[in-house]
Structure formats: C-alpha cells, structure tokens
$ cat upload.txt   # compact mmCIF, C-alpha atoms (C1' of nucleotides)
# COMPACT_ATOMS: atom_id res chain seq x y z
CA MET A 1 76.49 214.13 32.10
CA ALA A 2 78.53 211.16 30.98
CA GLY A 3 80.62 210.62 34.10
CA ALA A 4 83.61 208.39 34.64
CA ILE A 5 81.62 205.22 35.12
CA SER A 6 78.31 203.78 34.14
CA PHE A 7 76.34 201.03 35.82
CA GLU A 8 74.05 198.68 34.02
CA LEU A 9 71.63 196.50 35.93
CA LEU A 10 71.52 193.31 33.87
CA GLN A 11 69.27 191.11 35.91
CA LYS A 12 67.56 190.70 39.24
CA ASP A 13 67.23 187.39 40.97
CA ALA A 14 63.78 185.91 40.60
CA GLY A 15 62.04 186.30 43.92
CA GLY A 16 65.03 187.87 45.66
CA LYS A 17 66.98 191.10 45.85
CA ALA A 18 70.28 189.78 44.44
CA ARG A 19 71.43 191.78 41.41
CA ARG A 20 73.59 191.03 38.42
CA GLY A 21 75.23 194.14 37.01
CA ARG A 22 78.04 195.61 34.98
CA LEU A 23 80.16 198.60 35.84
CA THR A 24 82.06 200.32 33.04
CA THR A 25 85.12 202.31 34.12
CA PRO A 26 87.96 204.11 32.32
CA HIS A 27 90.11 201.02 32.93
CA GLY A 28 87.66 198.32 31.96
CA MET A 29 84.44 196.57 32.84
CA ILE A 30 83.52 194.99 36.14
CA GLU A 31 80.93 192.27 36.41
CA THR A 32 78.95 192.51 39.64
CA PRO A 33 78.51 191.32 42.31
CA VAL A 34 82.27 191.69 42.71
CA PHE A 35 84.87 191.21 45.39
CA MET A 36 87.74 193.71 45.36
CA PRO A 37 91.09 192.53 46.74
CA VAL A 38 92.72 195.11 48.99
CA GLY A 39 96.07 196.57 47.95
CA THR A 40 96.61 199.06 50.75
CA ALA A 41 100.06 200.40 49.91
CA ALA A 42 99.69 200.17 46.14
CA THR A 43 100.23 196.41 46.24
CA VAL A 44 98.04 193.46 47.00
CA LYS A 45 100.41 192.18 49.66
CA ALA A 46 102.65 189.36 48.47
CA VAL A 47 101.01 189.00 45.03
CA LYS A 48 102.24 190.39 41.70
CA PRO A 49 99.67 192.41 39.71
CA GLU A 50 99.63 189.92 36.82
CA ASP A 51 98.85 187.14 39.30
CA VAL A 52 96.09 189.23 40.87
CA ARG A 53 94.61 189.56 37.41
CA GLU A 54 95.06 185.88 36.60
CA LEU A 55 93.35 184.71 39.77
CA GLY A 56 90.22 186.51 38.66
CA ALA A 57 90.29 189.95 40.29
CA GLN A 58 88.51 192.65 38.28
CA ILE A 59 89.30 195.68 40.41
CA ILE A 60 91.51 196.36 43.39
CA LEU A 61 91.35 198.78 46.28
CA ALA A 62 94.17 201.01 47.46
CA ASN A 63 94.38 203.31 50.48
CA THR A 64 94.53 207.06 50.46
CA TYR A 65 95.66 207.17 54.09
CA HIS A 66 98.69 204.96 53.55
CA LEU A 67 99.76 206.45 50.22
CA PHE A 68 99.27 209.98 51.52
CA LEU A 69 101.74 209.24 54.34
CA ARG A 70 104.10 207.12 52.24
CA PRO A 71 105.36 207.66 49.59
CA GLY A 72 103.12 210.75 49.38
CA HIS A 73 100.49 211.44 46.71
CA GLU A 74 102.77 213.84 44.84
CA VAL A 75 105.20 210.98 44.21
CA VAL A 76 102.38 208.90 42.75
CA ARG A 77 101.20 211.83 40.65
CA LYS A 78 104.70 212.32 39.25
CA ALA A 79 104.89 208.60 38.54
CA GLY A 80 101.90 209.02 36.28
CA GLY A 81 99.19 207.87 38.66
CA LEU A 82 98.52 204.74 40.63
CA HIS A 83 97.83 202.47 37.65
CA LYS A 84 101.22 203.18 36.14
CA PHE A 85 103.05 203.40 39.47
CA MET A 86 102.00 199.90 40.53
CA ASN A 87 101.65 198.31 37.09
CA TRP A 88 97.95 197.53 37.38
CA SER A 89 96.03 198.42 34.23
CA GLY A 90 92.59 197.42 35.53
CA PRO A 91 90.15 199.47 37.55
CA ILE A 92 91.17 200.81 40.96
CA LEU A 93 89.12 202.15 43.85
CA THR A 94 90.72 204.25 46.58
CA ASP A 95 89.38 204.43 50.09
CA SER A 96 89.26 207.98 51.42
CA GLY A 97 91.35 207.60 54.55
CA GLY A 98 88.37 208.28 56.77
CA PHE A 99 88.35 204.82 58.26
CA GLN A 100 92.11 204.62 58.79
CA VAL A 101 92.33 207.98 60.50
CA PHE A 102 90.15 206.47 63.20
CA SER A 103 91.40 202.92 63.23
CA LEU A 104 95.15 203.34 62.76
CA SER A 105 96.35 206.71 63.97
CA SER A 106 96.58 207.33 67.67
CA ILE A 107 95.89 210.90 68.68
CA ASN A 108 93.09 212.38 66.70
CA ASN A 109 91.02 215.45 67.00
CA ILE A 110 87.82 215.57 65.01
CA THR A 111 86.46 218.94 64.03
CA GLU A 112 84.07 220.13 61.36
CA GLU A 113 87.11 220.94 59.26
CA GLY A 114 88.50 217.41 59.31
CA VAL A 115 90.64 215.10 61.42
CA MET A 116 94.00 215.90 62.98
CA PHE A 117 95.90 212.72 63.57
CA ALA A 118 99.35 211.37 64.32
CA SER A 119 100.89 209.32 61.56
CA HIS A 120 101.32 205.68 62.54
CA ILE A 121 104.64 205.74 60.68
CA ASP A 122 106.52 208.61 62.29
CA GLY A 123 104.05 210.24 64.66
CA SER A 124 103.95 213.47 62.68
CA ARG A 125 100.73 215.48 63.01
CA ARG A 126 98.69 215.57 59.82
CA LEU A 127 95.31 216.83 58.74
CA LEU A 128 92.92 214.93 56.53
CA SER A 129 89.73 216.68 55.50
CA PRO A 130 87.17 216.17 52.75
CA GLU A 131 89.06 218.56 50.44
CA LYS A 132 92.45 217.07 51.28
CA SER A 133 91.22 213.52 50.77
CA ILE A 134 89.83 214.43 47.34
CA GLU A 135 93.05 216.23 46.44
CA VAL A 136 95.05 213.14 47.36
CA GLN A 137 92.67 210.80 45.55
CA ASN A 138 92.77 213.02 42.45
CA ALA A 139 96.55 212.67 42.49
CA LEU A 140 96.34 208.91 42.89
CA GLY A 141 93.97 208.72 39.93
CA ALA A 142 91.75 205.75 40.79
CA ASP A 143 88.63 205.09 38.73
CA ILE A 144 86.41 205.21 41.79
CA ILE A 145 87.13 207.44 44.78
CA MET A 146 85.39 207.45 48.13
CA ALA A 147 83.97 210.22 50.25
CA PHE A 148 85.83 211.20 53.41
CA ASP A 149 83.62 209.90 56.20
CA GLU A 150 83.62 208.92 59.82
CA CYS A 151 83.01 205.25 60.42
CA VAL A 152 80.90 205.22 63.57
CA PRO A 153 82.35 202.68 65.98
CA TYR A 154 80.32 199.93 67.58
CA PRO A 155 78.70 200.24 69.97
CA ALA A 156 77.76 203.91 69.63
CA GLY A 157 75.00 205.85 71.30
CA ARG A 158 72.19 207.19 69.19
CA GLU A 159 73.12 210.81 69.72
CA TYR A 160 76.71 210.29 68.63
CA ALA A 161 75.68 208.16 65.64
CA ALA A 162 73.23 210.83 64.52
CA ALA A 163 75.70 213.71 64.87
CA SER A 164 78.44 211.74 63.17
CA ALA A 165 76.25 210.69 60.25
CA ALA A 166 75.11 214.27 59.76
CA ARG A 167 78.73 215.45 59.68
CA THR A 168 79.63 212.70 57.22
CA THR A 169 76.86 213.97 54.96
CA ARG A 170 78.14 217.54 55.21
CA TRP A 171 81.63 216.25 54.44
CA LEU A 172 80.21 214.43 51.42
CA ALA A 173 78.84 217.66 50.00
CA ARG A 174 82.31 219.21 50.41
CA CYS A 175 83.89 216.17 48.74
CA LYS A 176 81.55 216.56 45.80
CA ALA A 177 82.29 220.27 45.52
CA ALA A 178 86.04 219.64 45.65
CA HIS A 179 85.98 216.87 43.07
CA LEU A 180 86.07 218.48 39.64
CA ASP A 181 87.37 215.82 37.28
CA THR A 182 84.19 213.76 37.26
CA ASP A 183 84.85 212.38 33.79
CA ARG A 184 87.97 210.61 34.97
CA GLN A 185 87.01 209.54 38.48
CA ALA A 186 83.66 208.62 40.01
CA LEU A 187 82.96 209.75 43.57
CA PHE A 188 80.94 207.40 45.78
CA GLY A 189 79.03 208.62 48.81
CA ILE A 190 78.95 206.64 52.05
CA MET A 191 75.92 205.90 54.20
CA GLN A 192 76.39 205.92 57.97
CA GLY A 193 73.99 205.95 60.90
CA GLY A 194 75.35 203.28 63.20
CA MET A 195 72.94 200.48 64.02
CA TYR A 196 69.87 202.73 63.95
CA GLY A 197 67.46 202.01 61.10
CA ASP A 198 65.93 205.48 61.00
CA LEU A 199 69.35 207.18 61.00
CA ARG A 200 70.37 204.90 58.14
CA ALA A 201 67.28 205.90 56.19
CA GLU A 202 67.98 209.58 56.82
CA SER A 203 71.60 209.21 55.78
CA ALA A 204 70.61 207.30 52.63
CA ALA A 205 68.07 209.92 51.59
CA GLN A 206 70.54 212.76 52.09
CA ILE A 207 73.41 211.21 50.18
CA ALA A 208 71.11 209.96 47.40
CA ALA A 209 69.96 213.54 46.88
CA LEU A 210 73.49 214.44 45.81
CA ASP A 211 73.08 212.19 42.76
CA LEU A 212 76.45 210.47 42.87
CA PRO A 213 77.53 207.62 40.56
CA GLY A 214 77.56 205.07 43.39
CA TYR A 215 76.90 204.56 47.07
CA ALA A 216 78.61 202.68 49.83
CA ILE A 217 77.28 201.27 53.05
CA GLY A 218 79.78 202.16 55.75
CA GLY A 219 79.94 201.52 59.45
CA LEU A 220 79.07 197.84 59.26
CA SER A 221 81.22 194.86 60.11
CA VAL A 222 82.75 196.85 62.93
CA GLY A 223 82.20 194.27 65.64
CA GLU A 224 78.41 194.08 65.77
CA PRO A 225 76.70 190.66 65.75
CA LYS A 226 76.05 189.39 62.26
CA ASP A 227 72.29 189.41 62.57
CA VAL A 228 72.44 193.10 63.50
CA MET A 229 74.41 193.77 60.31
CA TYR A 230 71.97 191.73 58.23
CA GLY A 231 69.11 193.63 59.82
CA ILE A 232 70.57 196.95 58.64
CA LEU A 233 71.27 195.47 55.21
CA ASP A 234 67.66 194.29 54.92
CA ASP A 235 66.61 197.89 54.42
CA CYS A 236 69.56 199.16 52.37
CA ALA A 237 68.29 197.81 49.08
CA ASP A 238 65.20 199.97 49.41
CA LEU A 239 66.99 202.98 50.84
CA LEU A 240 69.62 203.35 48.10
CA PRO A 241 68.92 204.14 44.44
CA GLN A 242 68.21 201.03 42.36
CA GLU A 243 70.18 202.20 39.33
CA LYS A 244 73.42 202.90 41.19
CA PRO A 245 76.01 200.40 42.37
CA ARG A 246 76.01 199.58 46.09
CA TYR A 247 79.23 198.88 47.89
CA LEU A 248 79.39 197.27 51.34
CA MET A 249 82.69 198.35 52.81
CA GLY A 250 84.94 195.96 54.67
CA VAL A 251 82.97 192.79 54.23
CA GLY A 252 84.56 189.62 53.03
CA SER A 253 83.70 186.45 54.94
CA PRO A 254 81.93 184.00 52.62
CA ASP A 255 78.73 183.89 54.67
CA ALA A 256 78.48 187.68 54.85
CA LEU A 257 79.10 187.97 51.10
CA PHE A 258 76.20 185.62 50.39
CA GLU A 259 73.90 187.38 52.84
CA ALA A 260 74.77 190.82 51.49
CA VAL A 261 74.40 189.84 47.84
CA ALA A 262 71.04 188.33 48.78
CA ARG A 263 70.11 191.79 50.08
CA GLY A 264 71.10 193.60 46.90
CA VAL A 265 74.73 194.62 47.41
CA ASP A 266 77.01 194.77 44.35
CA MET A 267 80.55 195.44 45.56
CA PHE A 268 82.76 194.32 48.44
CA ASP A 269 86.27 194.66 49.73
CA CYS A 270 87.97 192.99 52.65
CA VAL A 271 91.44 192.38 54.03
CA LEU A 272 90.38 189.01 55.38
CA PRO A 273 91.50 186.73 52.53
CA THR A 274 94.97 188.24 52.31
CA ARG A 275 95.52 188.81 56.00
CA GLU A 276 94.36 185.32 56.91
CA ALA A 277 96.52 183.91 54.12
CA ARG A 278 99.62 185.48 55.64
CA HIS A 279 98.78 183.74 58.87
CA GLY A 280 98.03 180.38 57.39
CA ARG A 281 94.27 180.29 57.17
CA ALA A 282 92.69 179.33 53.88
CA ALA A 283 89.12 179.28 52.62
CA THR A 284 88.26 176.12 50.69
CA SER A 285 85.15 174.61 49.13
CA LEU A 286 84.79 172.40 52.20
CA GLY A 287 85.35 175.10 54.80
CA SER A 288 88.13 177.02 56.44
CA VAL A 289 91.52 175.34 56.82
CA ASN A 290 94.11 176.50 59.36
CA LEU A 291 97.38 175.38 57.81
CA ARG A 292 99.17 175.89 61.12
CA ASN A 293 97.40 172.87 62.52
CA ALA A 294 99.75 169.93 63.04
CA ALA A 295 97.24 167.70 61.28
CA TYR A 296 98.45 169.04 57.92
CA ALA A 297 102.15 168.35 58.45
CA GLU A 298 101.99 165.25 56.26
CA ASP A 299 98.93 166.08 54.20
CA PHE A 300 100.22 165.97 50.64
CA SER A 301 96.86 166.69 49.02
CA ALA A 302 95.93 169.99 47.41
CA LEU A 303 94.70 172.83 49.62
CA ASP A 304 91.30 172.65 47.93
CA PRO A 305 90.64 169.70 45.60
CA ALA A 306 87.85 171.63 43.91
CA CYS A 307 90.07 174.65 43.14
CA ASP A 308 92.10 175.17 39.99
CA CYS A 309 94.14 178.17 41.11
CA TYR A 310 97.91 178.22 40.65
CA THR A 311 98.50 177.25 44.28
CA CYS A 312 96.12 174.29 44.25
CA ARG A 313 97.46 173.05 40.92
CA HIS A 314 101.06 172.86 42.14
CA TYR A 315 101.41 172.63 45.92
CA SER A 316 100.37 170.42 48.84
CA ARG A 317 98.98 171.38 52.23
CA SER A 318 102.13 169.94 53.77
CA TYR A 319 104.37 172.25 51.75
CA LEU A 320 102.17 175.29 52.36
CA ARG A 321 102.19 174.54 56.10
CA HIS A 322 105.97 174.26 56.01
CA LEU A 323 106.24 177.67 54.32
CA ILE A 324 103.83 179.29 56.78
CA MET A 325 105.54 177.76 59.82
CA SER A 326 108.94 178.87 58.49
CA LYS A 327 107.54 182.34 57.79
CA GLU A 328 108.76 182.03 54.23
CA ILE A 329 107.55 184.82 51.94
CA LEU A 330 106.31 182.32 49.37
CA GLY A 331 103.81 180.97 51.89
CA ALA A 332 102.03 184.32 52.08
CA THR A 333 102.10 184.56 48.29
CA LEU A 334 100.68 181.12 47.56
CA VAL A 335 97.94 181.15 50.19
CA SER A 336 96.97 184.73 49.25
CA ILE A 337 96.62 183.64 45.63
CA HIS A 338 94.35 180.81 46.67
CA ASN A 339 92.19 182.82 49.07
CA LEU A 340 91.65 185.59 46.54
CA ALA A 341 90.95 183.08 43.77
CA PHE A 342 88.47 181.37 46.06
CA LEU A 343 86.53 184.56 46.81
CA CYS A 344 86.63 185.86 43.25
CA GLY A 345 85.49 182.43 42.08
CA LEU A 346 82.71 182.46 44.64
CA MET A 347 81.47 185.78 43.29
CA ALA A 348 81.60 184.39 39.74
CA LYS A 349 79.43 181.49 40.89
CA MET A 350 76.99 183.93 42.46
CA ARG A 351 76.81 185.93 39.21
CA ALA A 352 76.12 182.79 37.19
CA ALA A 353 73.50 181.64 39.70
CA ILE A 354 71.69 184.99 39.59
CA GLU A 355 71.61 184.74 35.79
CA GLU A 356 70.06 181.31 36.06
CA GLY A 357 67.66 182.32 38.80
CA ALA A 358 69.37 179.89 41.15
CA PHE A 359 70.99 182.18 43.68
CA GLU A 360 69.13 180.82 46.69
CA VAL A 361 69.98 177.26 45.69
CA LEU A 362 73.68 178.11 45.42
CA LYS A 363 73.59 179.93 48.75
CA ARG A 364 71.93 177.00 50.51
CA GLU A 365 74.35 174.48 49.01
CA PHE A 366 77.36 176.60 49.88
CA PHE A 367 76.38 177.02 53.51
CA ALA A 368 75.71 173.29 53.86
CA ARG A 369 79.15 172.39 52.52
CA TYR A 370 81.22 175.24 53.95
CA TYR A 371 79.81 175.51 57.43
CA ASP A 372 78.27 172.11 58.16
CA GLY A 373 80.34 169.80 55.99
C1' G B 1 146.59 164.23 82.32
C1' U B 2 146.08 168.94 85.71
C1' G B 3 143.17 173.18 87.24
C1' G B 4 138.63 175.91 86.80
C1' G B 5 133.51 176.40 85.24
C1' U B 6 128.51 174.86 83.72
C1' A B 7 124.28 171.24 83.82
C1' U B 8 116.52 173.82 85.17
C1' A B 9 110.91 172.44 79.11
C1' G B 10 112.39 171.71 72.11
C1' U B 11 115.81 176.53 72.75
C1' C B 12 117.64 180.73 75.81
C1' A B 13 117.19 181.18 80.70
C1' A B 14 115.31 183.37 86.19
C1' G B 15 115.98 181.13 90.67
C1' U B 16 121.01 183.22 97.02
C1' G B 17 117.33 176.60 102.17
C1' G B 18 110.69 177.86 102.84
C1' U B 19 103.53 178.23 99.38
C1' U B 20 101.74 176.10 93.37
C1' A B 21 109.82 176.42 89.57
C1' A B 22 109.65 183.58 86.63
C1' G B 23 110.07 185.21 81.69
C1' A B 24 111.12 184.91 76.41
C1' C B 25 111.23 182.14 71.99
C1' A B 26 109.46 177.68 69.84
C1' C B 27 105.34 174.43 69.73
C1' A B 28 99.83 173.48 70.20
C1' U B 29 94.67 175.51 69.66
C1' G B 30 91.45 179.73 68.83
C1' G B 31 90.73 184.73 67.11
C1' U B 32 91.73 188.76 63.23
C1' U B 33 86.24 192.00 58.25
C1' G B 34 86.90 200.17 54.17
C1' U B 35 95.27 195.84 56.20
C1' G B 36 100.72 198.46 61.03
C1' G B 37 103.66 191.50 56.86
C1' U B 38 100.41 192.57 62.74
C1' C B 39 98.40 191.93 67.24
C1' C B 40 95.67 189.19 70.89
C1' A B 41 93.76 184.90 73.95
C1' U B 42 94.53 180.07 76.00
C1' G B 43 97.63 175.77 76.81
C1' C B 44 102.55 173.58 77.48
C1' A B 45 108.39 171.04 83.61
C1' U B 46 104.35 166.22 89.67
C1' G B 47 110.33 168.42 88.13
C1' C B 48 115.78 171.05 87.92
C1' G B 49 122.26 165.76 84.31
C1' U B 50 122.61 160.66 87.34
C1' G B 51 123.13 158.37 92.18
C1' G B 52 123.66 159.07 97.28
C1' G B 53 123.79 162.36 101.67
C1' U B 54 122.67 166.76 105.21
C1' U B 55 117.94 169.12 106.75
C1' C B 56 111.41 169.71 109.54
C1' G B 57 112.10 171.23 104.38
C1' A B 58 116.88 170.83 98.66
C1' G B 59 116.63 173.37 91.86
C1' U B 60 119.44 175.88 95.87
C1' C B 61 124.20 172.85 100.76
C1' C B 62 127.80 168.26 100.74
C1' C B 63 130.00 163.72 98.16
C1' A B 64 130.60 160.62 93.92
C1' C B 65 129.71 159.81 88.86
C1' U B 66 128.55 161.51 83.80
C1' A B 67 128.47 165.14 79.87
C1' C B 68 129.93 169.69 77.88
C1' C B 69 133.02 174.37 77.97
C1' C B 70 137.68 177.11 79.08
C1' A B 71 142.84 177.32 80.41
C1' C B 72 147.43 174.79 81.02
C1' C B 73 150.25 170.38 79.70
$ encode --input "upload.txt" --output "structure tokens"
Amino acid sequence: MAGAISFELLQKDAGGKARRGRLTTPHGMIETPVFMPVGTAATVKAVKPEDVRELGAQIILANTYHLFLRPGHEVVRKAGGLHKFMNWSGPILTDSGGFQVFSLSSINNITEEGVMFASHIDGSRRLLSPEKSIEVQNALGADIIMAFDECVPYPAGREYAAASAARTTRWLARCKAAHLDTDRQALFGIMQGGMYGDLRAESAAQIAALDLPGYAIGGLSVGEPKDVMYGILDDCADLLPQEKPRYLMGVGSPDALFEAVARGVDMFDCVLPTREARHGRAATSLGSVNLRNAAYAEDFSALDPACDCYTCRHYSRSYLRHLIMSKEILGATLVSIHNLAFLCGLMAKMRAAIEEGAFEVLKREFFARYYDG
RNA sequence: GUGGGUAUAGUCAAGUGGUUAAGACACAUGGUUGUGGUCCAUGCAUGCGUGGGUUCGAGUCCCACUACCCACC
C-alpha cells in the first residue's frame, strides 16, 4: 500500500543512534530530525503562517481537543479542511485529544468506550473516544493524525501503568479500524507504559504489530526527572521499527532535544518556545534569557547576536523587554518568532552534523555554550 | 477668604488605643515540556504628610503646620 506518507532513512550517525531522515507528506517534505511548532487552536499563537514558514518550520501541530470544542470540526470541514481554514499549505499533524482530555478538562470518567469530560470552555459534558477522535481528525484533514491514547501521569503505579497501556493499545486498534482514508492521512500509534521498561517494550511490540506509518513515544516529559526519561529513551530506538519515523511527544527543551535525537528520535513538538516567549523568556546561542530581568532595560543589543531571525535583525533586548513588560501583543509575536527560529535552526544544525558524522561534537559544543557559558 | 473632608509602599487601599501595619496591583527573582494568551512560588513599609503633645502604649486621640479634594464666596 502506498499510504499518505513515506519515510526515508537517509543516514545514521557514525557510532551513534542519531538518524537523518526525510518524510514525504501530501503537503510537502519534512527533513528530520524536526521540531514541530504547536498551533493548538489552528494558529501558532501570535505568529502569522507565512512567518512560521519563514522562520524555518516544516510542519506544525494542531489540537483535536481544542478544535473539536471550538469552532467544531464540522466548521473546519466546511471551510475545506485545516490547511485552507488557517492558511497553512505545509504539512500538519493533529494531536488526538487524548492528552488534553486528561490535562485540561476537569471532570472525567474513563471507560473502555472513551473519556467523558467537561469542556474547559463551557463545562458541557462531551465524549471523546478512539472513533470520535478519528472522525474529528478526518474532518480536520491533517497529514498525520495521532491515536487516541491515555497519557499515564507521573508518578504512576505499575498496575495502573500496565492497565492503561493495554487500554491505549486496544484503543489504537479501534483507531486504525475507524481510519479509512489512509491515502490522505497517516495514523501514528503511541507507545505508553509509564516509567517501566518492560511495559514500554510490551507496548512497543503490540503497536508495532499493527504496522502503522509512524510511532510516537508518549507519556514522557510529564514531570519525571530527566535521567529517568533518558533511561526510557535509551531502549526506544531498539523497541520501535527502524524504518518508521519516531515522534517524542511534548519535548522541546534544547538539552532534551539533543539527548532524544542522540537516542534515535526523529520528530518533536513542544509548547515551550511559544509559551515561554509570551512570558518573556528566550532561548539564545549563549543560553536562556529572561527578558523580564531589569538587567535588560537598557540593553540595546540583539536578543541573540548569533541569530539572523527577523526579531534579532531588527530589535533590541531593551525594546523586547519593554513590549513584554507592557504586555504588548507584538512582544509575544517577536519573541515567539525568535524562539521558534532558534529551535528550528538547532534542528537544522543537528541534521547537518549527522550528515557530517559530527553529531556528538555539535552536542558537546552546544551544551558547553548553552548551559555552562 | 469661609466651611467641610482626606493624607498609610510606585498605585489602590485595610486598619475603631494593645504582639511582628491586611489585601490587591505594580515591581523584583524563579518556575512553566502532546498550550486555558495562563497559572504558580518567593521577595518587597524599623513605618503611617511634617512638627509637637496626651498615654504604660499612638497609624489610631489632641494641637499646629503643609499638601490635595469638595462646597460656598
């Protein structure tokens, strides 16, 4: 079967697990490893789609949960799909709503059927199930859609993690059965299993057996210590199929991106760069900068001297701090542009380094400058 | 000019003679990982317009001064 997407493994890092790949989708190619900016409500907050493209983003993520509740997936369908609705012609991935049902809605009742929850917008009771999530994602029309899963919280007991992972796998089979238009949209399965290595292996084997076009690692970066996350990731490269893309959900701090790419992960998404930008924190080549700090009030230099993004080419730290402190909309826009450009640029550097067999060198140099400089 | 009122942190204020002067905003410093444009944590008045007085004890009562507000001339 042809399928909506194809993944080509171009190169593996000499001596390491880092991979250089290429994902072909109905809306264009994606060079991996890749960072996907998050556009929850069919918009990367504060940034116009053409600017998202210009800053180097190859694919964006949108949320089933949010669009299901508002404006409603039928509205998006009538608009001609998400790409047209939001004026983004590149690839899109939609999250299934599984995570948000647990993290955002208040009252929820989990059954084998699905999850009953109260909308965070108006409190109305809604049901999201594997079939419903696929129906909504079909209407949204993203290139890659995600399985409806339960993200096991941290910490979680072994028994709960095992039962939850097993249910997520059963839900995945239902998602696959409900998803018919496989030539237009690729369905990714999600590995769970909490922080238990053997449960992870079991989950990986079961979802791999369904022969899906890609696989995600879920349930990480949920509050566990970083070395625990890296420990789980150590095994993921061997647990998941080599020839399929691997997506680590919710990860986006620079150190975690390096560590995960080093362990063979290809795709990432995270709210961190845009959320932090709205609150005045920027990632730069020399480390993190909190623009709210009084020290930057009269700092007329560029946010990051080594960055050539629109924001760094035209504005000073002093001005950006003024915008953030005044809660001016432009502040969120400019810092978001920079933070996204920084992360997308970082991934581009990783791709080039893998091609040159210099990934470990880049990683070492980055850590020295970003965290110790 | 006459009468009345009000002065407490950068701002708005609580405070009715008795420990260490509420709270909010602002400000300062952290935090935020499949996004509720949020939310959270910590810090921030040796002092209550100024000067005197009463009292064991005064932001609180008394007197004078100063500033501002309102009304009348």
$ closest_residue --input "upload.txt" --among "A:Leu61, A:Leu180, A:Ala201, A:Val38" --to "Asp143 in chain A" --atoms "all atoms listed in the file"
A:Leu61
$ interface_residues --input "upload.txt" --of "chain A" --to "chain B" --cutoff "7 Å" --atoms "only C-alpha atoms (C1' of nucleotides)" --output "PyMOL selection string"
chain A and resi 40+95+99+221+249-253+270-272
$ residues_around --input "upload.txt" --residues "A9 in chain B" --least-positions-apart "2" --cutoff "12 Å" --atoms "only C-alpha atoms (C1' of nucleotides)" --output "PyMOL selection string"
chain B and resi 11-13+21+26-27+44-45+47-48
$ residues_around --input "upload.txt" --residues "range 330-341 of chain A" --least-positions-apart "6" --cutoff "6 Å" --atoms "all atoms listed in the file" --output "PyMOL selection string"
chain A and resi 46-47+55+273-274+277-278+282-283+311+320+323-324
$ write_last_selection --input "upload.txt" --atoms "C-alpha atoms" --output "compact mmCIF listing (two decimals), in the coordinates of the input"
# COMPACT_ATOMS: atom_id res chain seq x y z
CA ALA A 46 102.65 189.36 48.47
CA VAL A 47 101.01 189.00 45.03
CA LEU A 55 93.35 184.71 39.77
CA PRO A 273 91.50 186.73 52.53
CA THR A 274 94.97 188.24 52.31
CA ALA A 277 96.52 183.91 54.12
CA ARG A 278 99.62 185.48 55.64
CA ALA A 282 92.69 179.33 53.88
CA ALA A 283 89.12 179.28 52.62
CA THR A 311 98.50 177.25 44.28
CA LEU A 320 102.17 175.29 52.36
CA LEU A 323 106.24 177.67 54.32
CA ILE A 324 103.83 179.29 56.78
$ atom_distance --input "upload.txt" --atom1 "CA of Asp149 in chain A" --atom2 "CA of Asn108 in chain A"
14.4 Å
$ residues_near_point --input "upload.txt" --point "(92.7, 182.7, 71.1)" --cutoff "12 Å" --atoms "all atoms listed in the file" --output "VMD selection string"
chain B and resid 28 to 32 39 to 43
$ atom_distance --input "upload.txt" --atom1 "CA of Gly3 in chain A" --atom2 "CA of Arg20 in chain A"
21.3 Å
$ decode --input "upload.txt" --residues "range 4-15 of chain A" --atoms "N, CA, C and O atoms" --output "PDB file, in the first residue's frame"
ATOM      1  N   ALA A   4      -0.309   7.599   2.957  1.00  0.00           N
ATOM      2  CA  ALA A   4      -0.269   9.050   2.835  1.00  0.00           C
ATOM      3  C   ALA A   4       1.155   9.585   2.907  1.00  0.00           C
ATOM      4  O   ALA A   4       1.493  10.572   2.267  1.00  0.00           O
ATOM      5  N   ILE A   5       1.984   8.935   3.691  1.00  0.00           N
ATOM      6  CA  ILE A   5       3.347   9.430   3.838  1.00  0.00           C
ATOM      7  C   ILE A   5       4.355   8.318   3.593  1.00  0.00           C
ATOM      8  O   ILE A   5       4.013   7.133   3.625  1.00  0.00           O
ATOM      9  N   SER A   6       5.574   8.725   3.310  1.00  0.00           N
ATOM     10  CA  SER A   6       6.641   7.742   3.250  1.00  0.00           C
ATOM     11  C   SER A   6       7.846   8.299   3.988  1.00  0.00           C
ATOM     12  O   SER A   6       8.054   9.514   4.033  1.00  0.00           O
ATOM     13  N   PHE A   7       8.600   7.410   4.597  1.00  0.00           N
ATOM     14  CA  PHE A   7       9.755   7.832   5.377  1.00  0.00           C
ATOM     15  C   PHE A   7      11.003   7.179   4.810  1.00  0.00           C
ATOM     16  O   PHE A   7      11.033   5.979   4.569  1.00  0.00           O
ATOM     17  N   GLU A   8      11.984   8.018   4.602  1.00  0.00           N
ATOM     18  CA  GLU A   8      13.230   7.540   4.035  1.00  0.00           C
ATOM     19  C   GLU A   8      14.346   7.802   5.047  1.00  0.00           C
ATOM     20  O   GLU A   8      14.530   8.935   5.497  1.00  0.00           O
ATOM     21  N   LEU A   9      15.035   6.759   5.418  1.00  0.00           N
ATOM     22  CA  LEU A   9      16.149   6.920   6.350  1.00  0.00           C
ATOM     23  C   LEU A   9      17.396   7.219   5.527  1.00  0.00           C
ATOM     24  O   LEU A   9      17.900   6.362   4.814  1.00  0.00           O
ATOM     25  N   LEU A  10      17.886   8.449   5.593  1.00  0.00           N
ATOM     26  CA  LEU A  10      18.980   8.868   4.722  1.00  0.00           C
ATOM     27  C   LEU A  10      20.345   8.478   5.274  1.00  0.00           C
ATOM     28  O   LEU A  10      21.249   8.135   4.540  1.00  0.00           O
ATOM     29  N   GLN A  11      20.464   8.600   6.585  1.00  0.00           N
ATOM     30  CA  GLN A  11      21.788   8.391   7.159  1.00  0.00           C
ATOM     31  C   GLN A  11      21.700   8.135   8.651  1.00  0.00           C
ATOM     32  O   GLN A  11      20.806   8.651   9.326  1.00  0.00           O
ATOM     33  N   LYS A  12      22.613   7.378   9.157  1.00  0.00           N
ATOM     34  CA  LYS A  12      22.700   7.188  10.610  1.00  0.00           C
ATOM     35  C   LYS A  12      24.038   7.730  11.071  1.00  0.00           C
ATOM     36  O   LYS A  12      25.042   7.608  10.371  1.00  0.00           O
ATOM     37  N   ASP A  13      24.017   8.325  12.235  1.00  0.00           N
ATOM     38  CA  ASP A  13      25.241   8.915  12.769  1.00  0.00           C
ATOM     39  C   ASP A  13      26.274   7.818  13.015  1.00  0.00           C
ATOM     40  O   ASP A  13      25.953   6.766  13.551  1.00  0.00           O
ATOM     41  N   ALA A  14      27.501   8.101  12.602  1.00  0.00           N
ATOM     42  CA  ALA A  14      28.561   7.123  12.794  1.00  0.00           C
ATOM     43  C   ALA A  14      28.787   6.917  14.289  1.00  0.00           C
ATOM     44  O   ALA A  14      29.070   7.845  15.027  1.00  0.00           O
ATOM     45  N   GLY A  15      28.599   5.706  14.727  1.00  0.00           N
ATOM     46  CA  GLY A  15      28.877   5.402  16.125  1.00  0.00           C
ATOM     47  C   GLY A  15      27.756   5.752  17.083  1.00  0.00           C
ATOM     48  O   GLY A  15      27.861   5.494  18.275  1.00  0.00           O
TER      49      GLY A  15
END
